[in-house]
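Participant: Below you'll find target.tsv; it's TSV, C-alpha atoms and all ligand atoms.
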```tsv
chain	number	residue	atom	x	y	z
A	244	MET	CA	62.55	-28.08	-16.42
A	245	LYS	CA	62.18	-28.81	-20.07
A	246	ILE	CA	60.21	-31.90	-19.44
A	247	ARG	CA	57.87	-30.08	-17.11
A	248	LEU	CA	57.27	-27.36	-19.64
A	249	ALA	CA	56.52	-29.88	-22.28
A	250	TYR	CA	53.89	-31.39	-20.06
A	251	THR	CA	52.39	-28.21	-18.74
A	252	LEU	CA	52.26	-26.22	-21.92
A	253	PRO	CA	49.58	-28.31	-23.61
A	254	LEU	CA	47.73	-28.44	-20.34
A	255	LEU	CA	47.81	-24.68	-20.07
A	256	LEU	CA	46.74	-24.29	-23.67
A	257	SER	CA	43.84	-26.64	-23.29
A	258	LEU	CA	42.79	-24.83	-20.12
A	259	LEU	CA	42.85	-21.53	-21.97
A	260	ALA	CA	40.90	-23.04	-24.82
A	261	SER	CA	38.26	-24.38	-22.46
A	262	THR	CA	37.71	-21.04	-20.74
A	263	ALA	CA	37.48	-19.42	-24.14
A	264	ALA	CA	34.88	-21.96	-25.14
A	265	GLN	CA	32.99	-21.28	-21.91
A	266	ALA	CA	32.99	-17.56	-22.47
A	267	VAL	CA	29.54	-16.57	-23.62
A	268	GLU	CA	28.44	-13.17	-24.65
A	269	TYR	CA	24.91	-12.49	-23.57
A	270	SER	CA	23.37	-10.08	-26.02
A	271	GLN	CA	19.66	-10.71	-26.38
A	272	LEU	CA	17.38	-9.41	-23.67
A	273	LEU	CA	14.42	-11.72	-23.11
A	274	ALA	CA	12.09	-8.87	-22.28
A	275	ASP	CA	9.07	-10.93	-21.32
A	276	LYS	CA	11.14	-12.86	-18.78
A	277	SER	CA	12.82	-9.77	-17.38
A	278	SER	CA	11.51	-7.26	-14.92
A	279	LEU	CA	12.32	-3.68	-14.13
A	280	GLY	CA	10.70	-2.54	-10.92
A	281	PHE	CA	11.03	0.10	-8.28
A	282	SER	CA	9.94	0.61	-4.72
A	283	TYR	CA	9.31	3.74	-2.74
A	284	ARG	CA	7.56	4.95	0.39
A	285	GLN	CA	4.27	6.77	0.38
A	286	MET	CA	3.16	8.02	3.82
A	287	ASN	CA	5.82	5.58	5.04
A	288	VAL	CA	3.97	2.70	3.36
A	289	PRO	CA	6.25	0.55	1.19
A	290	MET	CA	4.94	0.58	-2.39
A	291	ASP	CA	6.03	-1.25	-5.54
A	292	GLY	CA	5.81	-0.42	-9.19
A	293	SER	CA	7.33	-1.45	-12.49
A	294	PHE	CA	7.96	-0.56	-16.11
A	295	LYS	CA	6.36	-3.01	-18.48
A	296	ARG	CA	8.20	-2.16	-21.70
A	297	PHE	CA	11.93	-1.71	-22.21
A	298	LYS	CA	14.58	-2.66	-24.73
A	299	ALA	CA	18.28	-3.32	-24.33
A	300	GLN	CA	21.46	-3.61	-26.29
A	301	LEU	CA	23.69	-5.96	-24.41
A	302	ALA	CA	27.15	-7.35	-24.87
A	303	PHE	CA	28.09	-9.01	-21.65
A	304	ASP	CA	30.65	-11.73	-21.40
A	305	PRO	CA	31.11	-12.33	-17.66
A	306	ALA	CA	34.64	-13.49	-18.41
A	307	GLN	CA	35.49	-10.15	-20.00
A	308	PRO	CA	33.61	-7.51	-18.05
A	309	ALA	CA	35.91	-4.71	-19.21
A	310	LYS	CA	34.65	-5.21	-22.74
A	311	ALA	CA	31.04	-5.50	-21.76
A	312	SER	CA	28.41	-2.90	-22.33
A	313	ALA	CA	24.71	-2.41	-21.69
A	314	ALA	CA	22.26	0.19	-22.92
A	315	PHE	CA	18.59	0.36	-22.01
A	316	GLU	CA	15.62	2.23	-23.35
A	317	ILE	CA	12.58	2.34	-21.13
A	318	GLU	CA	9.14	3.33	-22.36
A	319	VAL	CA	8.18	5.54	-19.44
A	320	ALA	CA	4.45	5.46	-20.20
A	321	SER	CA	4.49	1.71	-19.53
A	322	ILE	CA	4.83	2.48	-15.83
A	323	ASP	CA	2.55	0.70	-13.39
A	324	VAL	CA	2.32	2.10	-9.87
A	325	GLY	CA	-0.55	-0.17	-8.87
A	326	SER	CA	-3.66	1.86	-9.62
A	327	ALA	CA	-5.15	3.42	-12.74
A	328	GLU	CA	-5.45	6.73	-10.90
A	329	GLY	CA	-1.78	6.61	-9.93
A	330	ASN	CA	-0.66	5.62	-13.42
A	331	SER	CA	-2.35	8.55	-15.11
A	332	GLU	CA	-1.01	10.89	-12.43
A	333	VAL	CA	2.66	9.88	-12.82
A	334	SER	CA	2.55	10.23	-16.61
A	335	GLY	CA	1.67	13.89	-16.15
A	336	LYS	CA	3.86	16.98	-16.24
A	337	LEU	CA	4.73	17.04	-12.54
A	338	TRP	CA	6.02	13.47	-12.58
A	339	PHE	CA	7.51	11.90	-15.70
A	340	ASN	CA	5.97	14.17	-18.31
A	341	THR	CA	5.85	11.28	-20.77
A	342	ALA	CA	4.47	13.48	-23.56
A	343	THR	CA	7.77	15.40	-23.71
A	344	HIS	CA	10.07	12.69	-22.33
A	345	PRO	CA	8.72	9.34	-23.51
A	346	THR	CA	11.97	7.42	-22.99
A	347	ALA	CA	14.32	6.92	-20.07
A	348	ARG	CA	17.81	5.64	-20.82
A	349	PHE	CA	20.68	3.93	-19.16
A	350	VAL	CA	24.02	3.64	-20.95
A	351	SER	CA	26.88	1.85	-19.24
A	352	SER	CA	30.24	3.57	-19.14
A	353	GLY	CA	32.29	1.00	-17.28
A	354	ILE	CA	31.88	-2.47	-15.88
A	355	LYS	CA	34.13	-3.86	-13.17
A	356	ALA	CA	34.31	-7.39	-11.85
A	357	LEU	CA	33.94	-7.59	-8.06
A	358	GLY	CA	34.58	-11.33	-7.95
A	359	ASN	CA	32.15	-14.12	-7.23
A	360	ASN	CA	30.09	-13.33	-10.33
A	361	ARG	CA	29.36	-9.86	-9.03
A	362	PHE	CA	29.97	-6.71	-11.02
A	363	GLU	CA	29.81	-3.00	-10.56
A	364	VAL	CA	28.15	-1.32	-13.52
A	365	ALA	CA	28.57	2.44	-13.84
A	366	GLY	CA	26.72	4.49	-16.37
A	367	LYS	CA	24.56	7.43	-17.22
A	368	LEU	CA	20.90	7.41	-16.36
A	369	THR	CA	18.61	9.79	-18.22
A	370	ILE	CA	15.10	10.41	-16.94
A	371	LYS	CA	12.90	13.35	-17.87
A	372	GLY	CA	15.73	14.86	-19.88
A	373	LYS	CA	18.20	14.87	-16.98
A	374	THR	CA	21.34	12.76	-17.17
A	375	LEU	CA	23.23	11.70	-14.06
A	376	ASP	CA	25.94	9.21	-13.20
A	377	VAL	CA	24.77	6.14	-11.37
A	378	SER	CA	26.29	2.81	-10.52
A	379	THR	CA	24.79	-0.43	-9.45
A	380	PRO	CA	25.95	-3.82	-8.25
A	381	VAL	CA	24.89	-6.63	-10.57
A	382	SER	CA	25.05	-10.32	-9.86
A	383	PHE	CA	25.27	-12.82	-12.66
A	384	LYS	CA	24.28	-16.42	-12.86
A	385	ALA	CA	23.91	-18.78	-15.77
A	386	ASP	CA	20.51	-20.33	-16.16
A	387	GLY	CA	20.83	-22.98	-18.85
A	388	ALA	CA	21.70	-21.16	-22.03
A	389	ASN	CA	20.62	-17.83	-20.59
A	390	GLY	CA	22.22	-15.40	-18.23
A	391	VAL	CA	20.39	-13.85	-15.29
A	392	PHE	CA	21.49	-10.40	-14.20
A	393	GLU	CA	20.10	-9.03	-10.98
A	394	GLY	CA	20.66	-5.91	-8.97
A	395	ALA	CA	19.27	-2.86	-7.24
A	396	PHE	CA	20.32	0.71	-6.64
A	397	THR	CA	18.77	3.80	-5.19
A	398	ILE	CA	18.17	7.15	-6.83
A	399	LYS	CA	16.69	10.36	-5.48
A	400	ARG	CA	13.57	11.31	-7.40
A	401	ALA	CA	14.24	15.01	-6.82
A	402	ASP	CA	17.52	14.75	-8.76
A	403	TYR	CA	15.44	14.07	-11.87
A	404	ALA	CA	12.59	16.42	-10.96
A	405	ILE	CA	10.22	13.44	-10.70
A	406	GLY	CA	7.37	14.84	-8.65
A	407	GLU	CA	7.45	18.61	-8.88
A	408	GLY	CA	5.22	21.32	-7.48
A	409	MET	CA	2.86	20.00	-4.84
A	410	TRP	CA	4.72	16.65	-4.92
A	411	ALA	CA	8.17	18.15	-4.31
A	412	ASP	CA	7.80	17.74	-0.56
A	413	PHE	CA	8.98	14.34	0.65
A	414	GLY	CA	6.35	14.12	3.41
A	415	THR	CA	3.95	12.09	1.28
A	416	VAL	CA	6.22	10.45	-1.31
A	417	ALA	CA	9.78	9.88	-0.11
A	418	ASN	CA	12.80	11.03	-2.12
A	419	ASP	CA	14.54	7.65	-2.20
A	420	VAL	CA	13.43	5.30	-4.94
A	421	GLN	CA	14.98	1.89	-5.23
A	422	ILE	CA	15.32	0.52	-8.76
A	423	LYS	CA	15.31	-3.26	-8.94
A	424	PHE	CA	15.99	-5.31	-12.02
A	425	ARG	CA	16.12	-8.95	-12.98
A	426	LEU	CA	17.15	-9.40	-16.57
A	427	LEU	CA	17.28	-12.58	-18.56
A	428	ALA	CA	19.49	-12.55	-21.63
A	429	ALA	CA	20.27	-15.13	-24.27
A	430	ALA	CA	23.67	-15.66	-25.85
A	431	LYS	CA	24.34	-14.52	-29.37
A	432	LYS	CA	23.46	-17.19	-31.91
B	5	MET	CA	-28.65	-2.47	41.90
B	6	SER	CA	-27.85	-6.15	42.36
B	7	SER	CA	-29.94	-7.38	39.44
B	8	SER	CA	-28.22	-8.41	36.19
B	9	ARG	CA	-30.15	-5.62	34.43
B	10	PRO	CA	-29.05	-2.40	36.11
B	11	GLY	CA	-30.93	0.86	35.72
B	12	SER	CA	-28.14	2.63	33.89
B	13	TYR	CA	-25.17	2.13	31.64
B	14	THR	CA	-21.69	2.06	33.14
B	15	ARG	CA	-19.62	5.22	32.70
B	16	THR	CA	-17.32	3.23	30.43
B	17	ALA	CA	-20.24	2.19	28.23
B	18	ILE	CA	-21.41	5.80	27.97
B	19	ARG	CA	-17.94	7.07	27.12
B	20	LEU	CA	-17.43	4.36	24.51
B	21	HIS	CA	-20.80	5.17	22.98
B	22	TRP	CA	-20.01	8.85	22.46
B	23	LEU	CA	-16.39	8.31	21.53
B	24	LEU	CA	-17.43	5.91	18.79
B	25	ALA	CA	-20.30	8.14	17.69
B	26	LEU	CA	-17.88	11.03	17.27
B	27	GLY	CA	-15.09	8.94	15.74
B	28	LEU	CA	-17.38	7.14	13.31
B	29	SER	CA	-19.01	10.40	12.16
B	30	ALA	CA	-15.66	12.06	11.54
B	31	THR	CA	-14.15	9.02	9.82
B	32	LEU	CA	-17.24	8.54	7.67
B	33	ALA	CA	-17.26	12.20	6.63
B	34	LEU	CA	-13.54	12.08	5.85
B	35	GLY	CA	-14.12	8.88	3.83
B	36	PHE	CA	-16.71	10.49	1.56
B	37	TYR	CA	-14.75	13.73	1.29
B	38	MET	CA	-11.36	12.21	0.46
B	39	SER	CA	-12.56	9.71	-2.14
B	40	ASP	CA	-13.94	12.56	-4.29
B	41	LEU	CA	-10.74	14.64	-4.16
B	42	PRO	CA	-8.47	14.88	-7.20
B	43	PHE	CA	-5.22	12.94	-6.85
B	44	SER	CA	-2.88	14.99	-4.68
B	45	PRO	CA	-0.53	14.68	-1.70
B	46	ALA	CA	-3.40	15.88	0.51
B	47	LYS	CA	-5.57	13.03	-0.75
B	48	LEU	CA	-2.88	10.46	0.04
B	49	GLN	CA	-2.51	11.98	3.51
B	50	TYR	CA	-6.25	11.87	4.16
B	51	TYR	CA	-6.35	8.24	3.04
B	52	SER	CA	-3.69	7.37	5.60
B	53	TRP	CA	-5.39	9.35	8.36
B	54	HIS	CA	-8.69	7.69	7.48
B	55	LYS	CA	-7.10	4.26	7.73
B	56	TRP	CA	-5.44	5.04	11.06
B	57	ALA	CA	-8.71	6.40	12.44
B	58	GLY	CA	-10.59	3.37	11.10
B	59	ILE	CA	-8.21	0.88	12.70
B	60	THR	CA	-8.45	2.79	15.99
B	61	LEU	CA	-12.25	2.58	15.76
B	62	LEU	CA	-12.02	-1.14	15.03
B	63	LEU	CA	-10.01	-1.62	18.24
B	64	LEU	CA	-12.48	0.52	20.18
B	65	ALA	CA	-15.43	-1.40	18.70
B	66	VAL	CA	-13.93	-4.75	19.71
B	67	PHE	CA	-13.36	-3.44	23.22
B	68	ARG	CA	-16.87	-1.98	23.29
B	69	LEU	CA	-18.48	-5.23	22.16
B	70	GLY	CA	-16.52	-7.10	24.84
B	71	TRP	CA	-17.69	-4.57	27.42
B	72	ARG	CA	-21.30	-4.87	26.26
B	73	LEU	CA	-21.23	-8.67	26.48
B	74	THR	CA	-19.93	-8.55	30.05
B	75	HIS	CA	-21.97	-5.53	31.24
B	76	PRO	CA	-25.67	-5.93	30.34
B	77	ALA	CA	-27.60	-2.92	29.14
B	78	PRO	CA	-30.35	-1.54	31.37
B	79	ALA	CA	-33.80	-3.06	30.89
B	80	ALA	CA	-36.30	-1.49	28.51
B	81	PRO	CA	-38.86	0.81	30.10
B	82	ALA	CA	-41.88	-1.04	31.49
B	83	GLY	CA	-44.81	-1.15	29.10
B	84	MET	CA	-42.76	-0.77	25.91
B	85	PRO	CA	-44.37	-2.84	23.12
B	86	ALA	CA	-42.61	-6.09	22.30
B	87	TRP	CA	-42.01	-5.12	18.64
B	88	GLN	CA	-40.21	-1.95	19.72
B	89	HIS	CA	-38.09	-3.97	22.07
B	90	ALA	CA	-37.20	-6.42	19.31
B	91	ALA	CA	-36.53	-3.55	16.87
B	92	SER	CA	-34.16	-1.86	19.31
B	93	GLU	CA	-32.31	-5.11	20.07
B	94	TRP	CA	-31.83	-5.81	16.38
B	95	THR	CA	-30.78	-2.26	15.54
B	96	HIS	CA	-28.14	-2.45	18.25
B	97	ARG	CA	-26.90	-5.83	17.04
B	98	LEU	CA	-26.63	-4.53	13.49
B	99	LEU	CA	-24.85	-1.40	14.70
B	100	TYR	CA	-22.23	-3.56	16.45
B	101	LEU	CA	-21.92	-5.68	13.33
B	102	LEU	CA	-21.31	-2.60	11.17
B	103	MET	CA	-18.83	-1.13	13.65
B	104	LEU	CA	-16.75	-4.24	13.02
B	105	ALA	CA	-17.60	-4.92	9.36
B	106	ILE	CA	-16.91	-1.39	8.10
B	107	PRO	CA	-13.30	-1.09	9.26
B	108	LEU	CA	-12.65	-4.74	8.39
B	109	SER	CA	-13.94	-4.22	4.84
B	110	GLY	CA	-11.69	-1.14	4.61
B	111	TRP	CA	-8.67	-3.14	5.73
B	112	LEU	CA	-9.52	-5.96	3.31
B	113	MET	CA	-9.96	-3.43	0.49
B	114	SER	CA	-6.62	-1.77	1.18
B	115	SER	CA	-4.89	-5.15	1.24
B	116	ALA	CA	-6.48	-6.20	-2.05
B	117	LYS	CA	-5.59	-2.87	-3.64
B	118	GLY	CA	-1.97	-3.42	-2.69
B	119	VAL	CA	-1.75	-0.41	-0.38
B	120	PRO	CA	-0.81	-1.82	3.00
B	121	THR	CA	-1.75	0.01	6.18
B	122	VAL	CA	1.09	1.32	8.33
B	123	TYR	CA	-0.65	2.31	11.57
B	124	PHE	CA	0.26	5.92	12.35
B	125	GLY	CA	3.08	5.56	9.86
B	126	VAL	CA	5.00	3.30	12.26
B	127	LEU	CA	3.38	-0.09	12.70
B	128	PRO	CA	2.91	-2.10	9.50
B	129	LEU	CA	-0.28	-4.15	9.71
B	130	PRO	CA	-0.42	-7.50	7.93
B	131	ASP	CA	-2.19	-7.63	4.58
B	132	LEU	CA	-5.35	-9.70	4.95
B	133	LEU	CA	-5.55	-10.56	1.25
B	134	GLU	CA	-3.29	-11.10	-1.73
B	135	ARG	CA	-3.20	-8.23	-4.18
B	136	ASN	CA	-6.20	-8.39	-6.50
B	137	VAL	CA	-7.28	-5.12	-8.10
B	138	GLU	CA	-10.74	-6.38	-9.17
B	139	LEU	CA	-11.53	-7.71	-5.71
B	140	GLY	CA	-10.22	-4.45	-4.26
B	141	LYS	CA	-12.78	-2.50	-6.28
B	142	GLN	CA	-15.59	-4.75	-5.12
B	143	LEU	CA	-14.51	-4.44	-1.49
B	144	GLY	CA	-14.44	-0.68	-1.98
B	145	GLN	CA	-18.06	-0.80	-3.11
B	146	LEU	CA	-18.93	-2.99	-0.14
B	147	HIS	CA	-17.14	-0.54	2.19
B	148	GLY	CA	-19.20	2.32	0.74
B	149	ALA	CA	-22.49	0.37	0.87
B	150	LEU	CA	-21.94	-0.66	4.50
B	151	ASN	CA	-21.40	3.00	5.32
B	152	PHE	CA	-24.73	3.93	3.75
B	153	GLY	CA	-26.21	1.13	5.86
B	154	LEU	CA	-24.61	2.70	8.93
B	155	LEU	CA	-26.00	6.13	8.05
B	156	GLY	CA	-29.51	4.66	7.70
B	157	LEU	CA	-29.30	2.71	10.96
B	158	VAL	CA	-27.87	5.66	12.87
B	159	ALA	CA	-30.74	7.84	11.58
B	160	LEU	CA	-33.25	5.23	12.79
B	161	HIS	CA	-31.38	4.85	16.08
B	162	ALA	CA	-31.30	8.61	16.73
B	163	ALA	CA	-34.94	9.05	15.69
B	164	ALA	CA	-35.98	6.31	18.13
B	165	ALA	CA	-33.96	7.90	20.94
B	166	LEU	CA	-35.62	11.27	20.27
B	167	LYS	CA	-39.04	9.65	20.15
B	168	HIS	CA	-38.41	8.20	23.62
B	169	TYR	CA	-37.42	11.65	24.87
B	170	VAL	CA	-40.04	13.82	23.15
B	171	ILE	CA	-43.08	11.57	22.75
B	172	ASP	CA	-42.77	8.80	25.34
B	173	ARG	CA	-41.05	11.15	27.81
B	174	ASP	CA	-39.22	8.17	29.36
B	175	GLU	CA	-35.65	7.90	30.69
B	176	VAL	CA	-34.17	6.05	27.68
B	177	LEU	CA	-32.24	8.95	26.12
B	178	GLY	CA	-31.11	10.09	29.56
B	179	ARG	CA	-29.40	6.75	30.15
B	180	MET	CA	-26.85	7.71	27.50
B	181	LEU	CA	-26.98	11.43	28.42
B	182	PRO	CA	-27.14	11.26	32.22
B	183	PHE	CA	-27.50	15.06	32.62
B	184	LEU	CA	-30.99	14.78	31.07
B	185	ASN	CA	-32.23	12.44	33.79
B	186	LYS	CA	-30.72	14.54	36.59
B	187	ALA	CA	-32.57	17.64	35.47
C	501	LIG	C1	-15.26	2.53	11.28
C	501	LIG	C2	-14.39	2.99	10.50
C	501	LIG	C3	-14.60	3.49	9.08
C	501	LIG	C4	-15.60	4.26	8.55
C	501	LIG	C5	-16.81	4.85	9.25
C	501	LIG	C6	-15.27	4.44	7.15
C	501	LIG	C7	-16.01	5.18	6.24
C	501	LIG	C8	-15.70	5.37	4.92
C	501	LIG	C9	-16.52	6.07	3.94
C	501	LIG	C10	-17.89	6.68	4.21
C	501	LIG	C11	-15.87	6.04	2.76
C	501	LIG	C12	-16.35	6.60	1.42
C	501	LIG	C13	-17.02	5.48	0.66
C	501	LIG	C14	-17.46	5.89	-0.70
C	501	LIG	O1	-16.91	6.83	-1.24
C	501	LIG	O2	-18.35	5.20	-1.22
C	501	LIG	C15	-14.63	5.35	2.96
C	501	LIG	C16	-13.66	5.14	2.00
C	501	LIG	C17	-12.47	4.47	2.20
C	501	LIG	N1	-12.08	3.80	3.36
C	501	LIG	FE1	-13.09	3.78	5.09
C	501	LIG	N2	-14.09	3.77	6.86
C	501	LIG	C18	-13.65	3.18	8.03
C	501	LIG	C19	-12.54	2.39	8.20
C	501	LIG	C20	-11.57	2.16	7.22
C	501	LIG	C21	-10.38	1.37	7.41
C	501	LIG	C22	-9.97	0.66	8.68
C	501	LIG	C23	-9.70	1.42	6.22
C	501	LIG	C24	-8.40	0.77	5.82
C	501	LIG	C25	-7.53	0.24	6.62
C	501	LIG	C26	-10.47	2.21	5.29
C	501	LIG	C27	-10.09	2.49	4.00
C	501	LIG	C28	-10.84	3.26	3.13
C	501	LIG	C29	-10.39	3.59	1.79
C	501	LIG	C30	-9.07	3.20	1.14
C	501	LIG	C31	-11.42	4.34	1.21
C	501	LIG	C32	-11.44	4.95	-0.18
C	501	LIG	C33	-12.05	4.02	-1.18
C	501	LIG	C34	-11.88	4.55	-2.57
C	501	LIG	O3	-10.81	5.03	-2.87
C	501	LIG	O4	-12.85	4.47	-3.31
C	501	LIG	N3	-11.60	2.65	5.94
C	501	LIG	N4	-14.54	4.94	4.28
```
As structure tokens, what does this structure read like?
Facilitator:
Amino acid sequence: MKIRLAYTLPLLLSLLASTAAQAVEYSQLLADKSSLGFSYRQMNVPMDGSFKRFKAQLAFDPAQPAKASAAFEIEVASIDVGSAEGNSEVSGKLWFNTATHPTARFVSSGIKALGNNRFEVAGKLTIKGKTLDVSTPVSFKADGANGVFEGAFTIKRADYAIGEGMWADFGTVANDVQIKFRLLAAAKK
Amino acid sequence: MSSSRPGSYTRTAIRLHWLLALGLSATLALGFYMSDLPFSPAKLQYYSWHKWAGITLLLLAVFRLGWRLTHPAPAAPAGMPAWQHAASEWTHRLLYLLMLAIPLSGWLMSSAKGVPTVYFGVLPLPDLLERNVELGKQLGQLHGALNFGLLGLVALHAAAALKHYVIDRDEVLGRMLPFLNKA
């Protein structure tokens, strides 16, 4: 027994040390290599859009998801729905009202490992001054020195009063909006 | 009636003619009306209806052209000057061309603008072009210009038909409106 322990202990220690060395905390969002998009249905036609400008505060070590956190700030006026006419419309009062609510936010409240480099990230999403709980699956993969985080989840636009008045009816623009993200982050230097 | 140039159009040809005349007028009017509307759910709805109508007209136009190529039109009235004959042939050719080119340019424009067409909200049609906003604008201008071309040609076409009826007093208009020739 003693002999075995003497052999295995250093082995165990070195194993621990190596995983510790592998652990990387991704903390710098590479905004120009990341994308934050959404898709929705208009007259049952699948449409895509995106937000061009957003910032993040990240601390994500895939080996220690419980300690990880993520917070995003999205400049709502940087939205692109595909046409100039559409872009000026959705900035207006009935949609995002960017004059009063220039920023949308997501702040994580808990991150769970699902295994296989997949995580469940729960948090609070604030759009147009309304804050609701959301959660999204996120997959992680290392890409050289960077980490790639990808996922998608669906929100209901009516929950955030996005598209009021004449737009409130879902006949033209559907209620379901899928948010899709692909984020590239660098490790802390 | 055994000659390759019969004295009248087939019933199918007559029906297609008036169906397309009605459909094209309505779709053209809707096109001009909707593009001037302020952005609204109604506008988005009209755009979709316009696209569905346009694709339907494209299908009808293809069928009609096929019918025309396999069922010759009646001969021109005897004694009609050669230039009038040539003018009518070319007007008809151009009309067929526009019946195809207008909806095709609309489809191309929609593809380039990144707004795919889902026929009647159920059948997604393939995008003919990659998304390209600049090209989409140009195709939109082409779509509009072709429609002005159609308006001009239809005016000429209708004026010629009326001239046959009122001035020449021949059977040409009645071949598309058989009740006129019966009377
Ligand atoms: C024979 C059938 C068609 C006719 C007679 C027609 C006619 C017109 C007309 C007159 C306009 C207004 C042009 C202007 O404002 O300058 C228009 C606009 C438009 N058409 Fe068509 N069209 C047809 C088919 C189609 C098809 C098949 C599509 C798409 C699949 C389409 C898509 C559009 C769109 C998107 C606009 C608005 C352009 C803009 O926003 O400026 N059209 N059409």
Participant: Once you count all atoms listed in the file, which residues end up within 6 Å of ligand LIG 501 (chain C), and could you hand them over as a PyMOL selection string?
Facilitator: chain B and resi 28+31-32+35-36+39+55+58-59+61+103+106-107+110-111+114+121+144+148+151
Participant: Calculate how many Å separate atom CA of A:Ala299 from atom CA of A:Val324, rounding to one decimal.
Facilitator: 22.2 Å
Participant: Give me the residues within 10 Å of B:Lys117 as a PyMOL selection string, counting all atoms listed in the file and dropping any in the same chain fewer than 3 places off.
Facilitator: (chain A and resi 325-326) or (chain B and resi 111-114+120+133-141+143-144)
Participant: Contacts from chain A to chain B, 9 Å maximum, all atoms listed in the file: show me the residue list as a PyMOL selection string.
Facilitator: chain A and resi 285-291+325-326+328-329+332+409-410+412+414-416
Participant: Keeping only C-alpha atoms, write the selected residues as a PDB file, in the coordinates of the input.
Facilitator:
```
ATOM      1  CA  GLN A 285       4.270   6.770   0.380  1.00  0.00           C
ATOM      2  CA  MET A 286       3.160   8.020   3.820  1.00  0.00           C
ATOM      3  CA  ASN A 287       5.820   5.580   5.040  1.00  0.00           C
ATOM      4  CA  VAL A 288       3.970   2.700   3.360  1.00  0.00           C
ATOM      5  CA  PRO A 289       6.250   0.550   1.190  1.00  0.00           C
ATOM      6  CA  MET A 290       4.940   0.580  -2.390  1.00  0.00           C
ATOM      7  CA  ASP A 291       6.030  -1.250  -5.540  1.00  0.00           C
ATOM      8  CA  GLY A 325      -0.550  -0.170  -8.870  1.00  0.00           C
ATOM      9  CA  SER A 326      -3.660   1.860  -9.620  1.00  0.00           C
ATOM     10  CA  GLU A 328      -5.450   6.730 -10.900  1.00  0.00           C
ATOM     11  CA  GLY A 329      -1.780   6.610  -9.930  1.00  0.00           C
ATOM     12  CA  GLU A 332      -1.010  10.890 -12.430  1.00  0.00           C
ATOM     13  CA  MET A 409       2.860  20.000  -4.840  1.00  0.00           C
ATOM     14  CA  TRP A 410       4.720  16.650  -4.920  1.00  0.00           C
ATOM     15  CA  ASP A 412       7.800  17.740  -0.560  1.00  0.00           C
ATOM     16  CA  GLY A 414       6.350  14.120   3.410  1.00  0.00           C
ATOM     17  CA  THR A 415       3.950  12.090   1.280  1.00  0.00           C
ATOM     18  CA  VAL A 416       6.220  10.450  -1.310  1.00  0.00           C
TER      19      VAL A 416
END
```
Participant: What's the separation between atom CA of A:Asp323 and atom CA of A:Lys295, in Å to one decimal place?
Facilitator: 7.4 Å
Participant: Closest to A:Phe303 among A:Leu337, A:Ala327, A:Leu368, A:Leu427, using all atoms listed in the file?
Facilitator: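 Ranked by minimum distance to A:Phe303, first place goes to A:Leu427.
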Participant: Choose the residue, out of A:Val377, A:Val420, A:Ile405, A:Ala429, that has the smallest atom-to-atom separation from A:Leu273; count all atoms listed in the file.
Facilitator: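 Selected residue with least distance to A:Leu273: A:Ala429.
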Participant: Smallest atom-to-atom distance to B:Thr74: which of B:Val158, B:Ala91, B:Val170, B:Ala17, using all atoms listed in the file?
Facilitator: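 When distances to B:Thr74 are compared using all atoms listed in the file, the smallest one comes from B:Ala17.
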Participant: Nearest to A:Pro305: which of A:Ala411, A:Ala320, A:Val391, A:Leu426 is it, counting only C-alpha atoms?
Facilitator: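 For A:Pro305, the nearest of the candidates is A:Val391.
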Participant: Point out the residue among B:Leu181, B:Leu160, B:Leu155, B:Tyr169 with the least atom-to-atom distance to B:Trp94, counting all atoms listed in the file.
Facilitator: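 Among the listed residues, the smallest separation from B:Trp94 belongs to B:Leu160.
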Participant: Figure out the distance between atom CA of B:Leu23 and atom CA of B:Gly178, please, to one decimal in Å.
Facilitator: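 Calculated distance between atom CA of B:Gly178 and atom CA of B:Leu23 is 16.9 Å.
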Participant: Which residues come within 12 Å of B:Ser92, counting only C-alpha atoms, excluding same-chain residues fewer than 2 positions away, as a short mmCIF file (atom, residue, chain, number, x, y, z; two decimals) with C-alpha atoms, keeping the file's coordinate frame?
Facilitator:
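The new file part_27.cif reads:
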```
data_model
loop_
_atom_site.label_atom_id
_atom_site.label_comp_id
_atom_site.auth_asym_id
_atom_site.auth_seq_id
_atom_site.Cartn_x
_atom_site.Cartn_y
_atom_site.Cartn_z
CA ALA B 77 -27.60 -2.92 29.14
CA ALA B 79 -33.80 -3.06 30.89
CA ALA B 80 -36.30 -1.49 28.51
CA MET B 84 -42.76 -0.77 25.91
CA PRO B 85 -44.37 -2.84 23.12
CA ALA B 86 -42.61 -6.09 22.30
CA TRP B 87 -42.01 -5.12 18.64
CA GLN B 88 -40.21 -1.95 19.72
CA HIS B 89 -38.09 -3.97 22.07
CA ALA B 90 -37.20 -6.42 19.31
CA TRP B 94 -31.83 -5.81 16.38
CA THR B 95 -30.78 -2.26 15.54
CA HIS B 96 -28.14 -2.45 18.25
CA ARG B 97 -26.90 -5.83 17.04
CA LEU B 98 -26.63 -4.53 13.49
CA LEU B 99 -24.85 -1.40 14.70
CA LEU B 157 -29.30 2.71 10.96
CA VAL B 158 -27.87 5.66 12.87
CA LEU B 160 -33.25 5.23 12.79
CA HIS B 161 -31.38 4.85 16.08
CA ALA B 162 -31.30 8.61 16.73
CA ALA B 163 -34.94 9.05 15.69
CA ALA B 164 -35.98 6.31 18.13
CA ALA B 165 -33.96 7.90 20.94
CA HIS B 168 -38.41 8.20 23.62
CA VAL B 176 -34.17 6.05 27.68
#
```
Participant: Which residues come within 8 Å of A:Ala306, counting only C-alpha atoms, excluding same-chain residues fewer than 2 positions away, as a PyMOL selection string?
Facilitator: chain A and resi 266-267+304+308
